[in-house]
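Structure file work26.cif (mmCIF, C-alpha atoms) follows.
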data_my_file
loop_
_atom_site.label_atom_id
_atom_site.label_comp_id
_atom_site.auth_asym_id
_atom_site.auth_seq_id
_atom_site.Cartn_x
_atom_site.Cartn_y
_atom_site.Cartn_z
CA MET A 1 48.29 42.02 123.56
CA TRP A 2 49.60 45.31 125.04
CA GLN A 3 46.41 46.61 126.59
CA GLU A 4 46.79 44.78 129.91
CA LEU A 5 50.38 45.94 130.37
CA ARG A 6 49.32 49.47 129.49
CA GLU A 7 46.70 49.42 132.25
CA GLU A 8 49.38 48.38 134.73
CA LEU A 9 52.12 50.78 133.65
CA PHE A 10 50.31 53.89 132.41
CA PRO A 11 49.63 55.13 135.97
CA LYS A 12 53.39 54.79 136.56
CA GLY A 13 54.29 57.06 133.67
CA LEU A 14 54.52 54.78 130.61
CA GLU A 15 52.52 55.24 127.44
CA ILE A 16 52.41 52.58 124.75
CA VAL A 17 52.09 53.50 121.08
CA THR A 18 51.39 50.70 118.63
CA VAL A 19 52.06 51.12 114.91
CA GLY A 20 50.54 48.73 112.37
CA MET A 21 52.67 48.57 109.22
CA ASP A 22 50.78 47.48 106.11
CA THR A 23 50.98 48.55 102.47
CA ALA A 24 47.44 47.16 102.14
CA GLY A 25 46.13 50.05 104.24
CA ALA A 26 44.28 50.84 107.45
CA GLU A 27 41.41 48.43 106.82
CA ALA A 28 43.81 45.49 107.00
CA CYS A 29 44.75 46.57 110.54
CA ARG A 30 41.23 47.41 111.69
CA PRO A 31 40.00 43.95 112.82
CA PHE A 32 43.06 43.45 115.04
CA ILE A 33 42.80 46.92 116.55
CA ASP A 34 39.04 46.55 117.10
CA ALA A 35 39.65 43.23 118.88
CA ALA A 36 42.42 44.67 121.08
CA ARG A 37 40.36 47.77 122.05
CA PRO A 38 43.49 49.75 122.91
CA GLN A 39 43.29 52.85 125.10
CA HIS A 40 46.74 53.89 123.92
CA PRO A 41 47.46 55.57 120.56
CA SER A 42 47.18 52.92 117.85
CA LEU A 43 48.58 54.21 114.57
CA ILE A 44 48.53 53.11 110.94
CA ASP A 45 51.71 53.15 108.87
CA VAL A 46 51.05 52.24 105.24
CA GLY A 47 54.57 53.31 104.25
CA HIS A 48 56.59 51.48 106.95
CA ARG A 49 57.90 54.90 108.07
CA VAL A 50 58.52 53.67 111.61
CA ALA A 51 60.76 50.91 110.23
CA GLU A 52 62.90 53.26 108.17
CA LEU A 53 63.21 55.84 110.96
CA PHE A 54 63.84 53.43 113.84
CA GLY A 55 65.46 50.43 112.11
CA VAL A 56 62.71 47.82 112.52
CA VAL A 57 63.50 44.67 110.48
CA ASN A 58 60.99 42.20 111.90
CA ILE A 59 57.73 42.41 113.79
CA PRO A 60 56.75 42.85 116.53
CA ASN A 61 59.55 45.14 117.68
CA GLY A 62 59.70 47.63 120.53
CA VAL A 63 61.65 50.87 121.07
CA TRP A 64 62.00 52.60 124.46
CA ILE A 65 61.93 56.41 124.48
CA ASP A 66 62.45 58.37 127.70
CA GLU A 67 60.76 61.53 129.00
CA GLN A 68 63.22 63.75 127.13
CA GLY A 69 62.64 62.03 123.79
CA MET A 70 65.88 60.03 123.91
CA ILE A 71 65.86 56.42 122.74
CA VAL A 72 67.19 54.24 125.56
CA ARG A 73 66.70 50.89 123.81
CA PRO A 74 66.54 50.63 120.00
CA ALA A 75 64.27 48.26 118.05
CA GLU A 76 64.33 44.67 119.34
CA PRO A 77 61.82 41.82 119.50
CA ALA A 78 59.03 42.83 121.88
CA TYR A 79 56.38 40.54 123.28
CA ALA A 80 53.94 41.06 126.12
CA GLY A 81 52.77 37.45 126.05
CA GLY A 82 53.06 34.21 124.08
CA LEU A 83 52.85 34.08 120.30
CA ARG A 84 49.38 34.81 119.01
CA GLN A 85 47.98 31.53 117.76
CA ARG A 86 45.39 31.87 115.07
CA GLY A 87 42.33 29.74 115.70
CA ASP A 88 42.90 26.15 114.60
CA THR A 89 39.78 25.23 112.68
CA VAL A 90 38.76 21.90 111.23
CA ASP A 91 38.84 23.19 107.69
CA MET A 92 42.25 24.83 107.97
CA PRO A 93 44.30 23.99 104.86
CA GLU A 94 47.34 21.78 105.41
CA HIS A 95 49.64 24.61 104.31
CA MET A 96 48.39 26.77 107.19
CA ARG A 97 48.79 23.89 109.65
CA GLU A 98 52.42 23.57 108.54
CA ILE A 99 52.97 27.29 109.11
CA MET A 100 51.44 27.08 112.56
CA ARG A 101 53.57 24.07 113.48
CA GLU A 102 56.69 26.00 112.47
CA ALA A 103 55.54 29.20 114.19
CA ALA A 104 55.03 27.25 117.42
CA LYS A 105 58.80 26.62 117.48
CA ILE A 106 59.62 30.33 117.39
CA GLU A 107 61.04 31.44 120.71
CA VAL A 108 59.82 34.67 122.24
CA GLU A 109 61.22 36.02 125.49
CA ALA A 110 58.10 37.78 126.70
CA GLU A 111 58.77 37.27 130.39
CA ALA A 112 62.30 38.70 130.25
CA TYR A 113 61.14 41.60 128.10
CA VAL A 114 58.26 42.57 130.35
CA HIS A 115 60.49 42.24 133.42
CA ALA A 116 62.96 44.69 131.85
CA LEU A 117 60.17 47.07 130.87
CA ARG A 118 58.75 47.12 134.41
CA ASP A 119 62.25 47.75 135.77
CA TRP A 120 62.70 50.75 133.48
CA VAL A 121 59.30 52.20 134.39
CA GLU A 122 60.19 51.81 138.08
CA ASN A 123 63.82 52.98 138.00
CA GLY A 124 64.08 55.22 134.93
CA GLN A 125 67.63 56.25 134.04
CA GLU A 126 68.97 54.05 136.88
CA SER A 127 67.53 50.89 135.32
CA GLN A 128 70.20 48.41 134.27
CA PHE A 129 68.31 47.99 130.98
CA VAL A 130 68.84 51.62 129.88
CA LEU A 131 71.57 51.88 127.23
CA SER A 132 73.93 54.79 126.58
CA PRO A 133 73.28 56.94 123.49
CA GLU A 134 76.35 55.36 121.83
CA ALA A 135 75.07 51.83 122.51
CA VAL A 136 71.61 52.78 121.21
CA VAL A 137 73.07 53.85 117.85
CA ALA A 138 75.47 50.89 117.70
CA ARG A 139 72.71 48.37 118.45
CA SER A 140 70.27 49.82 115.92
CA ALA A 141 70.01 47.94 112.61
CA PRO A 142 73.17 48.21 110.49
CA ARG A 143 72.62 50.34 107.40
CA ASP A 144 75.11 50.62 104.59
CA ARG A 145 74.76 51.76 100.99
CA SER A 146 73.05 48.58 99.83
CA ALA A 147 70.65 48.52 102.80
CA ALA A 148 69.70 52.13 102.08
CA GLU A 149 69.17 51.23 98.42
CA GLY A 150 67.01 48.33 99.58
CA ALA A 151 64.91 50.80 101.57
CA ALA A 152 64.50 52.98 98.46
CA HIS A 153 63.35 49.95 96.44
CA PHE A 154 60.93 48.94 99.20
CA GLU A 155 59.37 52.40 99.25
CA LEU A 156 59.04 52.38 95.46
CA ALA A 157 57.51 48.89 95.56
CA GLN A 158 54.90 50.00 98.08
CA HIS A 159 54.05 53.09 96.07
CA LEU A 160 53.66 51.10 92.85
CA TRP A 161 51.54 48.48 94.64
CA ARG A 162 49.18 51.12 95.99
CA VAL A 163 48.69 52.72 92.57
CA GLY A 164 47.83 49.36 91.01
CA ARG A 165 51.16 48.61 89.31
CA GLN A 166 51.60 45.19 90.89
CA GLU A 167 54.04 43.69 88.39
CA SER A 168 56.39 46.63 88.67
CA ALA A 169 56.01 46.60 92.45
CA VAL A 170 57.14 42.97 92.61
CA ARG A 171 60.39 43.89 90.79
CA HIS A 172 61.23 46.36 93.55
CA PHE A 173 60.10 44.12 96.41
CA ARG A 174 62.53 41.53 94.99
CA GLU A 175 65.32 44.10 94.90
CA ALA A 176 64.56 45.12 98.49
CA HIS A 177 64.76 41.46 99.55
CA ARG A 178 68.05 40.98 97.71
CA LEU A 179 69.62 44.10 99.25
CA GLN A 180 68.30 43.50 102.80
CA PRO A 181 68.23 39.69 103.05
CA ASP A 182 67.77 39.75 106.84
CA ASN A 183 64.77 42.08 106.77
CA PHE A 184 61.78 39.90 107.59
CA SER A 185 59.21 42.72 107.51
CA TYR A 186 60.10 43.40 103.87
CA LYS A 187 59.56 39.74 103.06
CA ARG A 188 56.42 39.19 105.12
CA GLN A 189 54.88 42.35 103.65
CA ALA A 190 55.53 41.35 100.04
CA TRP A 191 54.59 37.69 100.60
CA SER A 192 51.34 38.73 102.32
CA LEU A 193 50.22 40.41 99.09
CA ALA A 194 51.18 37.56 96.75
CA ALA A 195 48.81 34.65 97.46
CA PRO A 196 45.40 35.82 96.26
CA GLY A 197 42.56 33.31 96.19
CA THR A 198 43.44 31.67 99.49
CA GLY A 199 40.40 33.12 101.24
CA ALA A 200 40.60 34.04 104.91
CA PHE A 201 44.24 32.91 105.02
CA GLU A 202 45.41 35.11 102.16
CA ARG A 203 47.63 37.41 104.24
CA PHE A 204 49.15 34.55 106.25
CA TRP A 205 49.74 32.14 103.38
CA GLN A 206 53.19 33.66 102.76
CA GLY A 207 54.10 31.27 99.97
CA PRO A 208 53.12 29.61 96.70
CA VAL A 209 49.67 28.04 96.32
CA GLU A 210 49.59 24.33 95.46
CA GLY A 211 49.04 23.84 91.74
CA ARG A 212 49.88 27.51 91.05
CA GLU A 213 53.55 27.44 92.04
CA ASP A 214 54.61 29.16 88.81
CA GLU A 215 52.64 32.26 89.85
CA TRP A 216 54.78 32.81 92.97
CA PRO A 217 56.99 35.80 92.10
CA TYR A 218 59.60 35.54 94.88
CA GLU A 219 62.83 33.62 95.43
CA SER A 220 61.71 32.26 98.75
CA ASP A 221 58.72 32.01 101.07
CA TRP A 222 58.08 31.94 104.80
CA LEU A 223 58.07 28.18 105.39
CA THR A 224 61.15 27.52 103.26
CA GLU A 225 63.07 30.34 104.85
CA VAL A 226 62.16 29.63 108.46
CA ARG A 227 62.90 25.93 108.06
CA ALA A 228 66.28 26.74 106.50
CA MET A 229 67.31 29.16 109.24
CA GLY A 230 65.70 27.26 112.13
CA ALA A 231 62.61 28.72 113.80
CA GLU A 232 64.59 29.31 117.02
CA ARG A 233 66.70 31.88 115.13
CA TYR A 234 63.71 33.77 113.71
CA TYR A 235 64.09 36.50 116.32
CA PRO A 236 67.55 37.47 117.55
CA LYS A 237 68.09 36.71 121.25
CA LEU A 238 67.35 39.69 123.48
CA GLU A 239 70.53 41.27 124.84
CA LEU A 240 69.14 42.59 128.08
CA MET B 241 60.54 59.62 99.10
CA ILE B 242 58.92 58.96 95.70
CA PHE B 243 59.26 61.41 92.82
CA ASP B 244 58.57 61.44 89.10
CA GLY B 245 61.13 63.97 87.85
CA LEU B 246 64.69 64.84 88.73
CA GLN B 247 63.86 68.44 89.63
CA MET B 248 61.66 69.15 92.60
CA PRO B 249 60.49 72.28 94.44
CA THR B 250 62.82 72.82 97.40
CA ALA B 251 59.94 72.88 99.91
CA GLU B 252 58.71 69.50 98.68
CA PHE B 253 62.19 68.01 98.96
CA GLU B 254 62.48 69.31 102.51
CA ARG B 255 59.11 67.83 103.52
CA GLY B 256 59.90 64.44 102.02
CA SER B 257 63.54 64.05 102.99
CA GLY B 258 63.66 65.58 106.47
CA TRP B 259 66.53 67.92 105.48
CA THR B 260 66.25 71.69 105.59
CA LEU B 261 68.23 73.44 102.86
CA LYS B 262 69.93 76.56 104.23
CA PRO B 263 72.69 78.82 102.87
CA GLU B 264 75.20 76.84 105.00
CA GLY B 265 74.04 73.51 103.58
CA ALA B 266 71.54 70.73 104.19
CA CYS B 267 70.66 70.56 107.89
CA ARG B 268 68.95 68.01 110.07
CA ALA B 269 68.84 68.20 113.88
CA GLU B 270 72.23 69.71 114.78
CA MET B 271 74.06 68.46 111.68
CA CYS B 272 74.67 70.53 108.52
CA VAL B 273 76.25 69.14 105.36
CA PRO B 274 77.69 71.82 103.05
CA LEU B 275 76.28 71.66 99.52
CA ALA B 276 78.00 72.64 96.28
CA GLY B 277 76.25 75.62 94.72
CA PRO B 278 73.44 77.83 96.01
CA VAL B 279 69.99 76.50 96.95
CA GLY B 280 67.21 77.93 94.81
CA GLU B 281 63.49 77.30 94.45
CA VAL B 282 64.15 73.96 92.77
CA VAL B 283 66.36 71.06 93.82
CA ASP B 284 68.29 68.80 91.48
CA VAL B 285 67.50 65.65 93.46
CA PRO B 286 70.23 63.23 92.29
CA ALA B 287 72.93 65.90 92.80
CA VAL B 288 71.79 66.74 96.33
CA ALA B 289 71.18 63.07 97.18
CA GLU B 290 74.72 62.22 96.09
CA GLN B 291 76.16 64.88 98.40
CA LEU B 292 74.04 63.68 101.32
CA GLY B 293 74.90 60.02 100.73
CA MET B 294 71.29 59.07 99.96
CA PRO B 295 70.76 56.44 97.23
CA VAL B 296 68.38 57.11 94.34
CA VAL B 297 66.74 54.20 92.53
CA HIS B 298 64.84 54.45 89.29
CA ASP B 299 62.15 52.49 87.50
CA VAL B 300 62.55 53.35 83.82
CA GLU B 301 59.29 51.75 82.74
CA GLU B 302 57.20 53.57 85.35
CA GLY B 303 59.14 56.83 85.15
CA MET B 304 59.46 56.89 88.93
CA TRP B 305 62.37 57.51 91.29
CA SER B 306 62.80 56.74 94.97
CA LEU B 307 65.16 58.42 97.42
CA GLY B 308 66.56 56.15 100.13
CA PRO B 309 67.63 57.15 103.65
CA ALA B 310 70.98 58.65 104.64
CA PHE B 311 73.13 56.47 106.92
CA PRO B 312 75.86 58.69 108.38
CA ALA B 313 76.51 56.36 111.36
CA GLY B 314 76.35 53.09 109.41
CA HIS B 315 73.19 52.28 111.36
CA ALA B 316 69.48 53.03 111.06
CA LEU B 317 69.86 55.53 113.92
CA SER B 318 72.46 58.26 113.63
CA SER B 319 71.67 59.63 117.08
CA ALA B 320 69.76 58.44 120.15
CA GLU B 321 67.39 61.37 119.82
CA ALA B 322 64.04 59.90 118.76
CA PRO B 323 63.09 61.05 115.26
CA GLU B 324 59.67 62.66 114.88
CA LEU B 325 57.00 60.24 113.73
CA GLU B 326 53.63 61.52 112.60
CA LEU B 327 51.01 58.93 111.63
CA PRO B 328 47.22 58.66 111.52
CA ASP B 329 45.04 56.43 113.67
CA LEU B 330 42.17 54.36 112.22
CA ASP B 331 39.97 57.44 112.02
CA GLY B 332 42.62 59.43 110.17
CA ASN B 333 43.53 61.67 113.14
CA LEU B 334 47.23 62.51 113.00
CA PHE B 335 49.31 61.72 116.07
CA ARG B 336 52.82 63.01 116.77
CA LEU B 337 55.17 60.89 118.84
CA SER B 338 56.74 64.08 120.25
CA SER B 339 53.41 64.94 121.91
CA LEU B 340 54.33 62.33 124.58
CA ARG B 341 57.41 64.18 125.87
CA GLY B 342 57.43 63.96 129.66
CA LYS B 343 56.29 60.33 129.61
CA LYS B 344 58.19 57.14 128.99
CA VAL B 345 57.09 55.58 125.71
CA LEU B 346 57.15 52.02 124.45
CA LEU B 347 56.78 52.24 120.68
CA VAL B 348 55.67 48.91 119.22
CA ALA B 349 55.75 48.11 115.50
CA TRP B 350 53.45 45.23 114.47
CA ALA B 351 51.76 43.99 111.30
CA PRO B 352 48.55 42.12 110.51
CA TYR B 353 50.31 39.42 108.43
#
Will you turn the file into structure tokens for me?
Amino acid sequence: MWQELREELFPKGLEIVTVGMDTAGAEACRPFIDAARPQHPSLIDVGHRVAELFGVVNIPNGVWIDEQGMIVRPAEPAYAGGLRQRGDTVDMPEHMREIMREAAKIEVEAEAYVHALRDWVENGQESQFVLSPEAVVARSAPRDRSAAEGAAHFELAQHLWRVGRQESAVRHFREAHRLQPDNFSYKRQAWSLAAPGTGAFERFWQGPVEGREDEWPYESDWLTEVRAMGAERYYPKLEL
Amino acid sequence: MIFDGLQMPTAEFERGSGWTLKPEGACRAEMCVPLAGPVGEVVDVPAVAEQLGMPVVHDVEEGMWSLGPAFPAGHALSSAEAPELELPDLDGNLFRLSSLRGKKVLLVAWAPY
């Protein structure tokens, strides 16, 4: 998704760095990276480090960093094009069709975002889209005691998951969700690991499997939550 | 940072937490927080975490602890200075974000789910 924009803007002084966040490991990211054939650095983050350091609470998100290493726009929804639609196949389960119908209602402001990005690359510090250091901090994700505790639980959950202690991991994923209810990466990550047996759609199922509802270990799931909040509110509006 | 005991070698704490423990206190970037008592070879993690405002959570059954982030500004960022980020690519080669100083950078977080 970013490769084309990178070709346009790299000669003008912009580098793109993509970071795939997945507790499941590098292999889960590989097919997407192989398909995108990026020329820019494409990194793997099994511990969601980038999220904790930069305040990413949903994906995809972008952060602008200038030549001196100063953040000039903190994490916000970032799209280079329309939402990626997964291939609609004849044998797609109804559950996945429902998810795709809901996802189609999600609003992304790719055009406005890319316009702002081009303006920054062209005009640097003079760009109207560059924020002051104070505004960068103030616009980054709020973090209080309970949010920080949520982050600690999320890290513990990921560690326990990776060492094969799934049941214990779920306890801490649940705590992370309770303490950071607006953090969609925490939810999507945990939900993506919780619907085994759904074949090629396992990571995108994001909810209970019909007939095995009692096995679903979380309070909510993607469809329920997005329908309740309204798909148009899934990403906050860009404040450009 | 994950740990399995309340005492930890100072060097390990520094690597995991991003703080450097000096005689004047715990320091990160240009900020130093004074600590009660001298810093030795070993850190009492809950005591230091308390003083730095970092939460510690515990799983009794697993005998594991986790140290959460500090939040001095009430936000994920406490300064506009980009934190260092060092991560591997698919082949395991480590990449440092700071190696791109002198260029503008768009850092994009994504996930395959």
Specify as a PyMOL selection string each residue included when the PyMOL selection byres ((chain A) within 6 of (chain B)) is applied to this file. chain A and resi 13-21+29+42-44+55+59-71+133+137+140-144+148-149+151-152+156+203-204
Applying the PyMOL selection byres ((chain A and resi 232-234) around 6) to the file I just gave you, which residues come out? Please list them as a PyMOL selection string. chain A and resi 106-107+230-231+235
In Å, how far is it from atom CA of B:Gly303 to atom CA of A:Arg165?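 According to the coordinates, atom CA of B:Gly303 and atom CA of A:Arg165 are separated by 12.2 Å.
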Please determine the residues with any atom at most 12 Å from (47.2, 37.0, 106.1) (coordinates as given in the file, with all atoms listed in the file counting) and report them as a ChimeraX atom specification. /A:22,24,28-29,32,86,96,99,188-207 /B:351-353
Suppose you want the space between atom CA of A:Pro208 and atom CA of A:Thr224; what is it in Å?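 Taking atom CA of A:Pro208 and atom CA of A:Thr224, their separation equals 10.6 Å.
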Take atom CA of B:Val283 and atom CA of B:Thr250 and report the distance between them in Å, one decimal.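 Atom CA of B:Thr250 lies 5.3 Å from atom CA of B:Val283.
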Compare B:Val273, B:Cys267, B:Val285, B:Leu261 by their minimum atom-to-atom distance to B:Met248, counting all atoms listed in the file, and give me the closest one. B:Val285
Residues at most 8 Å from A:Ala116, counting all atoms listed in the file, excluding those fewer than 3 positions away in the same chain, as an mmCIF file with C-alpha atoms, in the coordinates of the input?
data_model
loop_
_atom_site.group_PDB
_atom_site.id
_atom_site.type_symbol
_atom_site.label_atom_id
_atom_site.label_comp_id
_atom_site.auth_asym_id
_atom_site.auth_seq_id
_atom_site.Cartn_x
_atom_site.Cartn_y
_atom_site.Cartn_z
ATOM 1 C CA ALA A 112 62.300 38.700 130.250
ATOM 2 C CA TYR A 113 61.140 41.600 128.100
ATOM 3 C CA ASP A 119 62.250 47.750 135.770
ATOM 4 C CA TRP A 120 62.700 50.750 133.480
ATOM 5 C CA PHE A 129 68.310 47.990 130.980
ATOM 6 C CA LEU A 240 69.140 42.590 128.080
#
Residue contacts of A:Val170 (9 Å, all atoms listed in the file) excluding same-chain residues fewer than 3 positions away, as a PyMOL selection string: chain A and resi 157+160-161+165-167+173-175+190+217-218
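Here the PyMOL selection byres ((chain B and resi 265) around 9) matches the residues B:Thr260, B:Leu261, B:Lys262, B:Pro263, B:Glu264, B:Ala266, B:Cys267, B:Cys272, B:Val273, B:Pro274, B:Leu275, B:Ala276, B:Pro278, B:Val279.
Across A:Ala147, A:Val163, A:Ala36, A:Leu223, the tightest approach to A:Ala176 is made by A:Ala147 when counting all atoms listed in the file.
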Which of these, A:Trp216, A:Val209, A:Gln125, A:Val226, has the shortest distance to A:Glu94 once you count all atoms listed in the file?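 Of the candidates, the smallest distance to A:Glu94 is held by A:Val209.
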Draw an axis-aligned box tight on the listed atoms of stretch 308-326 of chain B, then pad every side by 4 Å and write out centre and edge lengths in Å to one decimal as AutoDock Vina command-line options.
--center_x 65.1 --center_y 57.5 --center_z 110.1 --size_x 30.9 --size_y 18.4 --size_z 28.0
Of the residues B:Leu292, B:Met271, B:Pro286, B:Val300, which is the one nearest to B:Leu246, using all atoms listed in the file?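 Of all the options, B:Pro286 lies closest to B:Leu246.
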